[in-house]
Structure formats: C-alpha cells, structure tokens
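Content type mmCIF, C-alpha atoms and all ligand atoms, from the file start22.cif:
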data_final
loop_
_atom_site.label_atom_id
_atom_site.label_comp_id
_atom_site.auth_asym_id
_atom_site.auth_seq_id
_atom_site.Cartn_x
_atom_site.Cartn_y
_atom_site.Cartn_z
CA MET M 2 0.00 0.00 0.00
CA PRO M 3 1.49 3.41 -0.89
CA TRP M 4 1.65 5.71 2.12
CA LYS M 5 -0.71 8.69 1.69
CA ARG M 6 0.63 11.97 3.07
CA ARG M 7 -1.94 14.35 4.52
CA PRO M 8 -2.02 18.12 3.79
CA PHE M 9 -2.72 20.55 6.64
CA THR M 10 -6.45 20.65 7.40
CA GLY M 11 -6.51 22.55 10.73
CA ARG M 12 -7.26 26.15 11.62
CA ASP M 13 -4.90 26.46 14.59
CA LEU M 14 -2.02 28.51 13.20
CA SER M 15 0.40 27.40 15.90
CA ALA M 16 0.04 23.93 14.33
CA ALA M 17 0.81 25.25 10.83
CA LEU M 18 4.34 23.95 10.30
CA ASN M 19 5.37 25.87 7.22
CA ILE M 20 4.30 28.52 4.71
CA ALA M 21 2.47 25.92 2.61
CA ASP M 22 0.27 25.12 5.64
CA LEU M 23 -0.51 28.84 6.08
CA ARG M 24 -1.33 29.07 2.38
CA GLU M 25 -3.82 26.24 2.85
CA VAL M 26 -5.57 28.09 5.71
CA ALA M 27 -5.57 31.30 3.62
CA ARG M 28 -7.12 29.46 0.68
CA ARG M 29 -9.97 28.25 2.86
CA THR M 30 -10.48 31.58 4.66
CA VAL M 31 -10.87 34.16 1.88
CA PRO M 32 -13.10 33.99 -1.23
CA GLY M 33 -11.56 32.52 -4.35
CA PHE M 34 -11.31 35.85 -6.17
CA ALA M 35 -9.21 37.35 -3.34
CA PHE M 36 -6.97 34.27 -3.14
CA GLU M 37 -6.52 34.27 -6.92
CA TYR M 38 -5.51 37.94 -6.80
CA VAL M 39 -2.68 37.02 -4.43
CA GLU M 40 -1.72 33.75 -6.02
CA GLY M 41 -1.74 34.42 -9.72
CA GLY M 42 1.14 35.08 -12.08
CA ALA M 43 1.26 36.57 -15.56
CA GLU M 44 0.17 34.68 -18.68
CA ASP M 45 1.39 31.03 -18.65
CA GLU M 46 2.93 31.54 -15.20
CA ALA M 47 6.32 30.29 -16.39
CA THR M 48 8.05 33.00 -14.34
CA LEU M 49 5.99 32.07 -11.29
CA ARG M 50 7.01 28.40 -11.55
CA GLY M 51 10.60 29.28 -12.45
CA ASN M 52 10.98 31.24 -9.22
CA ARG M 53 10.52 28.04 -7.21
CA GLU M 54 12.41 25.77 -9.61
CA ALA M 55 15.49 27.99 -9.46
CA PHE M 56 15.93 27.25 -5.75
CA ALA M 57 15.86 23.51 -6.40
CA ALA M 58 18.86 23.87 -8.73
CA LEU M 59 21.01 25.09 -5.82
CA ARG M 60 22.22 22.57 -3.24
CA PHE M 61 24.13 22.97 -0.01
CA VAL M 62 27.55 21.54 0.81
CA PRO M 63 27.54 21.69 4.64
CA PRO M 64 30.78 21.71 6.64
CA THR M 65 30.63 19.62 9.80
CA LEU M 66 31.86 19.52 13.40
CA ILE M 67 31.62 23.24 14.11
CA ASP M 68 30.09 24.66 17.30
CA THR M 69 27.06 26.83 16.43
CA GLU M 70 25.66 27.39 19.94
CA GLY M 71 24.32 30.96 20.38
CA ARG M 72 23.36 31.54 16.75
CA SER M 73 21.85 34.89 15.78
CA LEU M 74 19.92 36.18 12.78
CA ALA M 75 20.59 39.82 13.70
CA THR M 76 22.15 41.91 10.95
CA GLN M 77 22.44 45.46 9.58
CA LEU M 78 20.26 46.76 6.78
CA LEU M 79 20.81 50.22 5.25
CA GLY M 80 23.14 50.92 8.15
CA THR M 81 20.55 50.13 10.83
CA PRO M 82 20.30 47.04 13.07
CA CYS M 83 17.72 44.54 11.88
CA GLY M 84 16.23 41.56 13.76
CA ALA M 85 16.68 39.26 10.75
CA PRO M 86 17.81 39.65 7.13
CA LEU M 87 14.21 40.08 6.04
CA ALA M 88 11.70 42.76 5.08
CA ILE M 89 8.03 42.52 4.19
CA GLY M 90 7.57 43.61 0.58
CA PRO M 91 5.00 46.03 -0.83
CA THR M 92 1.67 44.53 -1.84
CA GLY M 93 -1.36 46.56 -2.87
CA LEU M 94 -4.90 45.85 -1.74
CA ASN M 95 -4.00 44.18 1.56
CA GLY M 96 -7.34 45.32 3.00
CA MET M 97 -8.97 42.78 0.70
CA LEU M 98 -7.44 39.95 2.74
CA HIS M 99 -8.02 41.28 6.24
CA PRO M 100 -9.41 44.53 7.67
CA GLN M 101 -6.55 46.94 8.30
CA GLY M 102 -4.23 44.53 6.50
CA ASP M 103 -1.39 47.05 6.16
CA ILE M 104 -1.35 47.80 9.87
CA ALA M 105 -1.39 44.09 10.73
CA LEU M 106 1.60 43.49 8.41
CA ALA M 107 3.51 46.50 9.72
CA ARG M 108 2.95 45.56 13.37
CA ALA M 109 4.10 42.00 12.78
CA ALA M 110 7.23 43.28 10.99
CA ALA M 111 7.94 45.66 13.89
CA ALA M 112 7.62 42.76 16.35
CA PHE M 113 10.44 40.97 14.47
CA GLY M 114 12.54 44.14 14.11
CA ILE M 115 12.34 44.11 10.31
CA PRO M 116 11.07 46.76 7.84
CA TYR M 117 7.58 46.81 6.35
CA THR M 118 7.09 48.29 2.89
CA LEU M 119 3.81 50.05 2.20
CA SER M 120 2.52 50.01 -1.38
CA THR M 121 1.44 53.15 -3.24
CA LEU M 122 -1.73 51.08 -3.85
CA SER M 123 -2.30 50.35 -0.15
CA THR M 124 -5.76 50.38 1.35
CA THR M 125 -4.52 52.31 4.41
CA LEU M 126 -3.24 55.88 4.48
CA LEU M 127 0.51 55.96 4.92
CA GLU M 128 0.04 58.41 7.80
CA ASP M 129 -2.20 55.90 9.62
CA VAL M 130 0.36 53.11 9.22
CA ALA M 131 3.09 55.38 10.65
CA ARG M 132 0.86 56.40 13.58
CA GLN M 133 -0.67 53.03 14.42
CA ALA M 134 2.08 50.54 13.64
CA GLY M 135 5.47 52.20 14.10
CA GLY M 136 8.59 50.17 13.44
CA ARG M 137 10.82 50.56 10.39
CA LEU M 138 8.72 51.71 7.44
CA TRP M 139 9.67 51.79 3.79
CA MET M 140 7.45 53.37 1.11
CA GLN M 141 6.98 51.86 -2.35
CA LEU M 142 6.51 54.23 -5.27
CA TYR M 143 4.58 53.69 -8.49
CA VAL M 144 4.88 56.58 -10.91
CA MET M 145 1.73 57.43 -12.83
CA ARG M 146 1.33 59.77 -15.79
CA ASN M 147 0.20 62.48 -13.39
CA ARG M 148 3.53 63.04 -11.62
CA ALA M 149 1.80 65.04 -8.89
CA ILE M 150 0.64 61.70 -7.40
CA ALA M 151 4.21 60.46 -6.91
CA GLU M 152 5.35 63.85 -5.59
CA ASP M 153 2.51 63.81 -3.06
CA ILE M 154 3.42 60.27 -1.90
CA MET M 155 7.12 61.20 -1.50
CA ARG M 156 6.34 64.39 0.41
CA ARG M 157 3.91 62.68 2.80
CA ALA M 158 6.12 59.61 3.35
CA ALA M 159 9.08 61.85 4.19
CA ALA M 160 6.93 63.88 6.59
CA SER M 161 5.70 60.68 8.28
CA GLY M 162 9.22 59.41 8.95
CA PHE M 163 9.45 56.62 6.37
CA GLU M 164 13.07 55.48 6.20
CA ALA M 165 13.43 54.46 2.56
CA LEU M 166 11.71 54.69 -0.81
CA LEU M 167 11.44 51.68 -3.13
CA PHE M 168 10.90 52.93 -6.66
CA THR M 169 9.21 50.08 -8.54
CA THR M 170 10.31 50.06 -12.16
CA ASP M 171 9.02 46.73 -13.48
CA ALA M 172 5.25 47.34 -13.59
CA ASN M 173 4.94 50.49 -15.69
CA VAL M 174 3.65 48.21 -18.44
CA PHE M 175 1.27 46.08 -16.42
CA GLY M 176 1.32 42.26 -16.53
CA SER M 177 -1.66 40.19 -17.63
CA ARG M 178 -2.80 37.95 -14.79
CA GLU M 179 -5.32 35.94 -16.69
CA TRP M 180 -6.67 33.74 -13.87
CA ASP M 181 -7.39 36.88 -11.89
CA LYS M 182 -9.14 38.53 -14.84
CA ARG M 183 -11.40 35.49 -15.33
CA ASN M 184 -13.18 36.30 -12.05
CA TYR M 185 -14.68 39.42 -13.66
CA ARG M 186 -17.25 39.77 -16.48
CA THR M 187 -15.96 43.24 -17.22
CA PRO M 188 -13.47 45.26 -15.15
CA GLY M 189 -14.94 45.69 -11.68
CA ARG M 190 -17.93 43.37 -12.25
CA PRO M 191 -17.39 39.97 -10.65
CA ARG M 192 -18.87 36.90 -12.34
CA MET M 193 -21.84 35.17 -10.69
CA ARG M 194 -19.56 32.23 -9.80
CA ALA M 195 -17.26 34.62 -7.89
CA VAL M 196 -20.24 36.23 -6.12
CA LEU M 197 -21.66 32.85 -5.02
CA ASP M 198 -18.25 31.73 -3.81
CA THR M 199 -17.94 34.94 -1.78
CA LEU M 200 -21.27 34.18 -0.08
CA ARG M 201 -19.79 30.88 1.06
CA HIS M 202 -17.21 32.82 3.15
CA PRO M 203 -19.38 34.47 5.84
CA ARG M 204 -16.46 35.25 8.16
CA TRP M 205 -14.69 37.23 5.42
CA LEU M 206 -17.99 38.84 4.38
CA THR M 207 -18.65 40.16 7.89
CA GLN M 208 -15.09 41.05 8.85
CA VAL M 209 -13.99 42.68 5.62
CA LEU M 210 -16.93 43.66 3.44
CA LEU M 211 -19.86 44.39 5.74
CA ARG M 212 -17.89 46.07 8.53
CA HIS M 213 -15.46 48.09 6.39
CA GLY M 214 -16.97 48.21 2.88
CA ILE M 215 -15.04 47.53 -0.32
CA PRO M 216 -11.39 48.48 0.40
CA ARG M 217 -10.20 51.69 -1.27
CA PHE M 218 -6.87 52.96 -2.54
CA ARG M 219 -6.64 55.45 0.31
CA ASN M 220 -3.16 56.83 -0.43
CA ILE M 221 -3.99 58.15 -3.86
CA GLU M 222 -7.77 58.48 -3.62
CA ALA M 223 -7.70 62.27 -3.96
CA PHE M 224 -6.16 61.97 -7.44
CA LEU M 225 -8.40 59.25 -8.87
CA PRO M 226 -11.37 59.68 -11.22
CA ALA M 227 -14.81 58.73 -9.87
CA GLY M 228 -15.18 54.96 -9.46
CA ALA M 229 -11.43 54.26 -9.58
CA ALA M 230 -10.75 54.49 -5.84
CA SER M 231 -12.62 51.31 -4.99
CA ALA M 232 -10.47 48.20 -5.05
CA VAL M 233 -12.97 46.33 -7.23
CA GLY M 234 -13.17 48.89 -10.04
CA GLY M 235 -9.84 50.63 -9.55
CA SER M 236 -7.60 47.60 -9.75
CA THR M 237 -8.16 47.51 -13.51
CA ILE M 238 -8.32 51.27 -14.09
CA ILE M 239 -5.21 52.25 -12.10
CA PRO M 240 -2.65 50.11 -13.97
CA GLN M 241 -3.66 51.99 -17.13
CA MET M 242 -2.61 55.20 -15.38
CA PHE M 243 0.98 53.97 -14.86
CA ALA M 244 3.61 55.87 -16.84
CA PRO M 245 5.45 53.75 -19.45
CA THR M 246 7.63 56.84 -19.97
CA ILE M 247 9.74 56.47 -16.80
CA THR M 248 13.50 56.23 -17.44
CA TRP M 249 16.82 56.42 -15.59
CA GLU M 250 16.65 60.20 -16.10
CA ASP M 251 13.79 60.22 -13.59
CA ILE M 252 16.06 59.16 -10.72
CA ALA M 253 17.19 62.80 -10.52
CA TRP M 254 13.53 63.90 -10.25
CA VAL M 255 12.90 61.30 -7.49
CA ARG M 256 15.99 62.53 -5.68
CA GLU M 257 14.66 66.12 -5.74
CA HIS M 258 11.61 64.94 -3.79
CA TRP M 259 13.04 62.14 -1.65
CA PRO M 260 15.83 63.01 0.80
CA ARG M 261 16.40 59.57 2.38
CA LYS M 262 17.47 56.08 1.28
CA LEU M 263 16.48 55.12 -2.26
CA LEU M 264 16.23 51.59 -3.68
CA ILE M 265 15.26 50.63 -7.24
CA LYS M 266 12.86 47.66 -7.25
CA GLY M 267 13.01 45.93 -10.61
CA VAL M 268 16.70 45.42 -11.39
CA LEU M 269 17.76 42.05 -12.89
CA SER M 270 20.97 42.75 -14.82
CA VAL M 271 24.54 43.80 -14.09
CA PRO M 272 24.39 46.91 -16.36
CA ASP M 273 21.22 48.14 -14.62
CA ALA M 274 22.70 47.44 -11.19
CA ARG M 275 25.84 49.43 -12.16
CA ARG M 276 23.65 52.26 -13.43
CA ALA M 277 21.73 52.40 -10.12
CA ALA M 278 25.05 52.57 -8.27
CA SER M 279 26.46 55.29 -10.52
CA LEU M 280 23.32 57.40 -10.00
CA GLY M 281 23.83 57.33 -6.24
CA CYS M 282 21.02 54.94 -5.30
CA ASP M 283 21.45 53.23 -1.95
CA GLY M 284 20.23 49.83 -3.03
CA ILE M 285 18.41 47.62 -5.48
CA VAL M 286 15.68 45.02 -5.18
CA LEU M 287 16.24 42.09 -7.52
CA THR M 288 12.74 40.95 -8.43
CA ASN M 289 10.45 39.73 -11.16
CA HIS M 290 7.45 40.96 -9.18
CA GLY M 291 6.70 37.44 -7.96
CA GLY M 292 6.00 36.28 -11.52
CA ARG M 293 3.21 38.81 -12.00
CA GLN M 294 4.80 40.90 -14.75
CA LEU M 295 6.99 39.59 -17.59
CA ASP M 296 6.42 35.89 -18.28
CA HIS M 297 9.49 33.71 -19.02
CA CYS M 298 11.66 36.06 -16.95
CA VAL M 299 14.78 34.90 -15.10
CA ALA M 300 14.41 34.20 -11.40
CA PRO M 301 16.26 36.84 -9.34
CA ILE M 302 18.22 34.09 -7.53
CA GLU M 303 19.69 33.07 -10.90
CA VAL M 304 21.32 36.47 -11.47
CA LEU M 305 22.09 37.34 -7.85
CA ALA M 306 25.70 36.10 -7.74
CA GLU M 307 26.85 38.09 -10.79
CA ILE M 308 25.08 41.25 -9.60
CA ALA M 309 26.47 40.92 -6.07
CA GLN M 310 29.95 40.49 -7.51
CA ALA M 311 29.53 43.67 -9.61
CA VAL M 312 27.92 46.06 -7.10
CA GLY M 313 27.78 44.30 -3.71
CA GLU M 314 30.37 46.66 -2.23
CA ARG M 315 28.47 49.77 -3.30
CA LEU M 316 24.77 48.87 -2.98
CA THR M 317 22.48 47.18 -0.50
CA ILE M 318 21.09 44.16 -2.34
CA VAL M 319 17.57 43.00 -1.49
CA ILE M 320 15.96 40.12 -3.37
CA ASP M 321 12.45 38.69 -3.64
CA SER M 322 10.25 36.38 -5.73
CA GLY M 323 9.39 32.86 -4.67
CA PHE M 324 10.85 32.77 -1.15
CA ARG M 325 8.88 30.26 0.96
CA ARG M 326 11.52 28.47 3.10
CA GLY M 327 14.47 29.22 5.35
CA THR M 328 16.63 27.29 2.88
CA ASP M 329 15.59 29.72 0.09
CA ILE M 330 16.60 32.68 2.25
CA ALA M 331 19.94 31.08 3.22
CA LYS M 332 20.74 30.47 -0.46
CA ALA M 333 20.18 34.14 -1.31
CA LEU M 334 22.27 35.36 1.63
CA ALA M 335 25.04 32.94 0.66
CA LEU M 336 25.07 34.36 -2.88
CA GLY M 337 25.43 37.97 -1.69
CA ALA M 338 21.97 39.36 -0.80
CA ASP M 339 21.78 41.61 2.26
CA ALA M 340 18.13 40.79 2.83
CA VAL M 341 15.16 38.92 1.41
CA MET M 342 11.76 40.48 0.84
CA ILE M 343 8.74 38.42 1.70
CA GLY M 344 5.70 38.78 -0.55
CA ARG M 345 3.02 36.09 -0.68
CA ALA M 346 4.40 34.20 2.34
CA ALA M 347 3.37 37.13 4.57
CA LEU M 348 0.04 37.52 2.74
CA TYR M 349 -0.89 33.89 3.39
CA GLY M 350 -0.47 34.63 7.10
CA LEU M 351 -2.48 37.85 6.77
CA ALA M 352 -5.35 36.12 4.98
CA ALA M 353 -5.29 33.25 7.48
CA ASP M 354 -5.58 35.43 10.61
CA GLY M 355 -4.43 39.06 10.35
CA GLU M 356 -1.46 40.12 12.50
CA THR M 357 -1.37 36.74 14.31
CA GLY M 358 -1.06 35.00 10.96
CA VAL M 359 1.72 37.30 9.71
CA ARG M 360 3.63 36.78 12.97
CA ARG M 361 3.28 33.04 12.48
CA ALA M 362 4.64 33.34 8.91
CA LEU M 363 7.65 35.33 10.14
CA GLU M 364 8.17 32.89 13.02
CA VAL M 365 8.15 29.93 10.61
CA LEU M 366 10.69 31.61 8.30
CA THR M 367 13.04 32.79 11.05
CA VAL M 368 12.97 29.43 12.88
CA GLU M 369 13.70 27.66 9.60
CA LEU M 370 16.52 30.08 8.75
CA ASP M 371 18.08 29.65 12.20
CA ARG M 372 17.95 25.87 11.78
CA VAL M 373 19.58 26.06 8.34
CA LEU M 374 22.32 28.30 9.72
CA GLY M 375 23.07 25.66 12.34
CA GLN M 376 22.99 22.82 9.83
CA LEU M 377 25.40 24.77 7.63
CA SER M 378 27.75 25.25 10.62
CA CYS M 379 27.15 29.03 10.65
CA ARG M 380 26.66 31.18 13.75
CA THR M 381 25.61 34.38 11.98
CA VAL M 382 24.18 35.27 8.59
CA GLY M 383 27.58 36.82 7.78
CA ASP M 384 29.10 33.31 7.89
CA LEU M 385 27.06 32.27 4.86
CA GLY M 386 28.87 32.35 1.52
CA PRO M 387 28.95 30.78 -1.95
CA HIS M 388 31.39 28.13 -0.67
CA LEU M 389 28.32 26.46 0.90
CA LEU M 390 26.50 26.02 -2.41
CA ARG M 391 26.73 23.92 -5.56
CA GLY M 392 24.72 24.75 -8.64
CA PRO M 393 24.77 26.35 -12.08
CA GLY M 394 27.48 28.99 -12.28
CA ILE M 395 28.90 28.36 -8.81
CA PRO M 396 32.51 27.16 -8.83
CA ALA M 397 33.27 24.28 -6.44
CA ALA M 398 35.04 25.52 -3.27
CA ARG M 399 38.55 24.16 -2.66
C1 LIG P 401 -0.94 40.46 -4.19
C2 LIG P 401 0.34 41.17 -4.57
C3 LIG P 401 0.33 42.55 -4.71
C4 LIG P 401 1.52 43.21 -5.06
N1 LIG P 401 1.52 44.59 -5.14
C5 LIG P 401 2.68 45.23 -5.35
C6 LIG P 401 2.74 46.65 -5.30
O1 LIG P 401 1.74 47.32 -5.05
N2 LIG P 401 3.94 47.25 -5.54
C7 LIG P 401 5.08 46.52 -5.82
O2 LIG P 401 6.14 47.11 -6.03
N3 LIG P 401 5.05 45.19 -5.85
C8 LIG P 401 3.90 44.52 -5.61
N4 LIG P 401 3.88 43.15 -5.60
C9 LIG P 401 5.15 42.40 -5.77
C10 LIG P 401 5.82 42.15 -4.42
O3 LIG P 401 6.31 43.33 -3.86
C11 LIG P 401 6.98 41.16 -4.54
O4 LIG P 401 7.87 41.62 -5.52
C12 LIG P 401 6.53 39.74 -4.85
O5 LIG P 401 5.34 39.42 -4.17
C13 LIG P 401 7.61 38.76 -4.44
O6 LIG P 401 7.28 37.46 -4.81
P1 LIG P 401 6.63 36.39 -3.81
O7 LIG P 401 5.20 36.80 -3.63
O8 LIG P 401 6.77 35.11 -4.55
O9 LIG P 401 7.37 36.44 -2.52
C14 LIG P 401 2.71 42.46 -5.28
C15 LIG P 401 2.68 41.07 -5.14
C16 LIG P 401 1.52 40.42 -4.78
C17 LIG P 401 1.55 38.92 -4.59
#

Take the structure in the file and write it out as structure tokens.
Amino acid sequence: MPWKRRPFTGRDLSAALNIADLREVARRTVPGFAFEYVEGGAEDEATLRGNREAFAALRFVPPTLIDTEGRSLATQLLGTPCGAPLAIGPTGLNGMLHPQGDIALARAAAAFGIPYTLSTLSTTLLEDVARQAGGRLWMQLYVMRNRAIAEDIMRRAAASGFEALLFTTDANVFGSREWDKRNYRTPGRPRMRAVLDTLRHPRWLTQVLLRHGIPRFRNIEAFLPAGAASAVGGSTIIPQMFAPTITWEDIAWVREHWPRKLLIKGVLSVPDARRAASLGCDGIVLTNHGGRQLDHCVAPIEVLAEIAQAVGERLTIVIDSGFRRGTDIAKALALGADAVMIGRAALYGLAADGETGVRRALEVLTVELDRVLGQLSCRTVGDLGPHLLRGPGIPAAR
C-alpha cells in the first residue's frame, strides 16, 4: 500500500508547520477571487514556476563539526540594526485579505525588528500606518502619468518618517494575470460564480466587506477619477494610469523629492545594477514581481551572484520572488543578498488570521533560517557564503 501523506487541514495557526500550511488556511479563509488575486502570475505563469524551480537547482555543501551554539539572525540593513535579514515587501490591496491589512503586516514586521514596505496602492493611508504601527517603514513608489501623485506620496512619506523609498520600475507596463481577470465579467464586475463563492465565506464577508466596505486605494484616492478608488473597479483602471515613460533620467527627479534612502525595485541585470550605483542609489531590489509581470523572466536568484559580484560593495542588495523556506533565504544570503523580501508568504499569514497570521509566517521563516544556519555550521548570517552552495554557475570551493 502506498503511504498517503496528509495536507494541513486545521485552523490552529500554531500547528501550521510551514508557509504551505498557512497558504492552505488562507485558501480556505478568503473567497476565491481574493486568493486568486494574491496567487496568480502573468500569462502562462512560467516565471511564477521558475521562481521556485530555481531554488531547487542550488544545493548545499555543509561543513561539519563546528560549534554553532548561540546563533543569531541579527544583521544590519541600510546601516541600521535589523532583527533578521528580512523585510516585508510592498503589496497593494492588503485590506482585501483582512481589515486593516497594512497595519497588521507593519505591526508583525515591527515585532520581528524588520522593515515593512507600504505600497502606493495600499488600502490604508501611509500616515495611519506610521501612527498606528510604528517600526521601520519603507514606502513603495509607483509613478503614474500624473507626476503630482508620486510627488505627493514622497512628500507625505518623508513627513511621516518613512526610512526608505522603493521605486518600482518593473510594472509600468502592467502584466496580464489571466486567472485573476477570469473572475470578472468586465473590469470591476465579478462573475456570478465569484459572487456565489464569496457568499460561502461568511467570516470574510462580515469582517472585511460588511464592517469596512469595499477596500479603497486610500493613499492616492484624492487623485483618482470617480469609481477608480474602490479596489474592485480601480484595480483595472489604475494600472492603465501607470507611466510607461519612466527612465533612468527620472532618478534625478525622485531625488529632488526624496531626501532619504532610495532603492530601485526591478533590477535584474549587471548593467542596470551598475547604473543604479552610478546614479547614487542606496540599493536595489532584484525581483520579477513574484511572476506577475513579464512571463518567461529569469528568477532573481539566478542572477544574484553576478550582480552581487559587480555592485555588492556599493549597494544594498535586497531580493524577492518565490521565497517560501528558510533554505531559500539562506541560499540568497550565501550568494550575496543583504536581505530577502517576503511577498506572498506574509500575505498567506495575513489572509489566514491578520497580524497573528503574519507573525506566524515570520516565526516559521526565522525558525527555519536559524535551523539552516546551524545545519550549515554558521553562527551568523555573515558566515554564509557561496562556498556552501553547488549549482549552475557556482565554482566548487577548494
Ligand atoms: C498580491 C500582490 C500585490 C503586489 N503589489 C505590489 C505593489 O503594489 N507594488 C510593488 O512594487 N510590488 C507589488 N507586488 C510584488 C511584491 O512586492 C513582490 O515583488 C513579490 O510578491 C515577491 O514574490 P513572492 O510573492 O513570490 O514572494 C505584489 C505582489 C503580490 C503577490
């Protein structure tokens, strides 16, 4: 008889052993259209799958017989102490998963001493996140054709004490997430199937929709045409407002409005990384937007080593896309990343149970990372290096 393995069926998050278990709770908790919004990738989802497959191509070569008692995940990020080499990445529409989703994410990040990045398309005002959550806050910037929107975001984020700006450069031509689109008859009008499925999620209906109404793009609401501020209608209208005209020349314009740390989110090549460094940026985020933009795109982990070699001394290197395990994070740190940004892994926790769920996701990832450090005979994240890995493009250590 073949042994049948059982997926996680519980609701008790302390019994959820890994991010896949949290994803399972999230899937059962929120309506299908909301889960699909989080889950989906662009077109054939080759990039989405590739992000996970790329980790499998890298394998550890662990040294042995080294004392690792007293291990620590503590590190420095942008010159400031950080509880772990992690940050929560920017995701729009978090209020669709849980009421006050942005505040729940930011509070959980603060509890772990790591930064939270608020999206331009957040459903909470950036001022409210700063007031109610605290901790280290980064602001993500989308630039729309009306540049006054970006200037307003930068001015307000600076006034509210945000530490860094992440200028997203890979979504100005918006990706086609087809599974997500199929939930709507026309933009903003859900199909009957999606409506019936939503009715089968009474907890979500009461907590999110009935108590708080359809989430809105609070940060940029003042600039939006009628009907575009609601998450249901706006999520298709707003991407059409993005500016495909942004170029490297615009870094100077961003710098005029943003006095603090600046990271470019969307770099995947050595020439672009060098350009960011030469323009005085503080860091880069290697990303393919979690497979939601260009299909058949390289996974950031595949280009990390060459980029770290080229600019690692000059720039803070953050990486995201596909990170679900402590082993994934350890591989990126070993190849030269300063930190890993968590996208969907945090959102699964949020959808499962708000701040408690996000804390559980961060606990799972940090416990796993600490265990991997030990198994790799490392005491600190600084002990990780390419000598611990075998895989495409990595020379064998002597
Ligand atoms: C639901 C969702 C919404 C997102 N919204 C934004 C956004 O508003 N701005 C942005 O720069 N990136 C956005 N991203 C991309 C994430 O910041 C990040 O690059 C990606 O999620 C990392 O991949 P992972 O989800 O596999 O960890 C979003 C991703 C998801 C899943």

### Task
Pick out the residues no farther than 9 Å from ligand LIG 401 (chain P), counting all atoms listed in the file, and list them as number ranges by chain.
M: 35-42, 49, 52-53, 89-95, 118-123, 141-143, 167-172, 266-267, 286-293, 320-325, 342-348

### Task
Identify, on the basis of all atoms listed in the file, every residue whose closest approach to Asp273 (chain M) does not exceed 12 Å; exclude the query and any residue fewer than 3 positions from it along the same chain; express the result as a PyMOL selection string.
chain M and resi 170+248-249+265-270+276-280+282+284-287+308+311-312

Emit the selected residues as a PDB file, keeping the file's coordinate frame, including C-alpha atoms.
ATOM      1  CA  THR M 170      10.310  50.060 -12.160  1.00  0.00           C
ATOM      2  CA  THR M 248      13.500  56.230 -17.440  1.00  0.00           C
ATOM      3  CA  TRP M 249      16.820  56.420 -15.590  1.00  0.00           C
ATOM      4  CA  ILE M 265      15.260  50.630  -7.240  1.00  0.00           C
ATOM      5  CA  LYS M 266      12.860  47.660  -7.250  1.00  0.00           C
ATOM      6  CA  GLY M 267      13.010  45.930 -10.610  1.00  0.00           C
ATOM      7  CA  VAL M 268      16.700  45.420 -11.390  1.00  0.00           C
ATOM      8  CA  LEU M 269      17.760  42.050 -12.890  1.00  0.00           C
ATOM      9  CA  SER M 270      20.970  42.750 -14.820  1.00  0.00           C
ATOM     10  CA  ARG M 276      23.650  52.260 -13.430  1.00  0.00           C
ATOM     11  CA  ALA M 277      21.730  52.400 -10.120  1.00  0.00           C
ATOM     12  CA  ALA M 278      25.050  52.570  -8.270  1.00  0.00           C
ATOM     13  CA  SER M 279      26.460  55.290 -10.520  1.00  0.00           C
ATOM     14  CA  LEU M 280      23.320  57.400 -10.000  1.00  0.00           C
ATOM     15  CA  CYS M 282      21.020  54.940  -5.300  1.00  0.00           C
ATOM     16  CA  GLY M 284      20.230  49.830  -3.030  1.00  0.00           C
ATOM     17  CA  ILE M 285      18.410  47.620  -5.480  1.00  0.00           C
ATOM     18  CA  VAL M 286      15.680  45.020  -5.180  1.00  0.00           C
ATOM     19  CA  LEU M 287      16.240  42.090  -7.520  1.00  0.00           C
ATOM     20  CA  ILE M 308      25.080  41.250  -9.600  1.00  0.00           C
ATOM     21  CA  ALA M 311      29.530  43.670  -9.610  1.00  0.00           C
ATOM     22  CA  VAL M 312      27.920  46.060  -7.100  1.00  0.00           C
TER      23      VAL M 312
END

### Polymer residues at most 9 Å from region 237-247 of chain M, all atoms listed in the file, same-chain spacing of 6 or more positions, as a PyMOL selection string
chain M and resi 143-148+170+172-175+188-189+225+229-230

### Between CA of Ala253 (chain M) and CA of Leu295 (chain M), distance in Å (one decimal)
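Answer for the CA of Ala253 (chain M) to CA of Leu295 (chain M) separation: 26.3 Å.
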
Report as CSV the residues of region 253-364 of chain M within 8 Å of region 153-160 of chain M, each with its shortest atom pair and distance in Å (one decimal), using only C-alpha atoms, ordered by chain and increasing residue number.
residue,atom,partner,partner_atom,distance
M:His258,CA,M:Met155,CA,6.3
M:Trp259,CA,M:Met155,CA,6.0
M:Pro260,CA,M:Ala159,CA,7.6
M:Arg261,CA,M:Ala159,CA,7.9

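Across the structure, CA of Leu211 (chain M) and CA of Ala362 (chain M) are spaced 27.1 Å apart.
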
### Between CA of Gly176 (chain M) and CA of Leu59 (chain M) - distance in Å to one decimal
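It comes out at 28.2 Å.
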
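Considering only C-alpha atoms, the residue among M:Ser231, M:Asn220, M:Gln133, M:Thr357 positioned nearest to Ala151 (chain M) is M:Asn220.
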
### Query
Out of M:Ala21, M:Ala232, M:Leu305, M:Ala43, which residue has the shortest atom-to-atom distance to Ser177 (chain M) when counting all atoms listed in the file?
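For Ser177 (chain M), the nearest of the candidates is M:Ala43.
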
### Message
Considering only C-alpha atoms, can you say which of M:Asp283, M:Glu250, M:Asp181, M:Glu44 comes closest to Val233 (chain M)?
### Response
M:Asp181
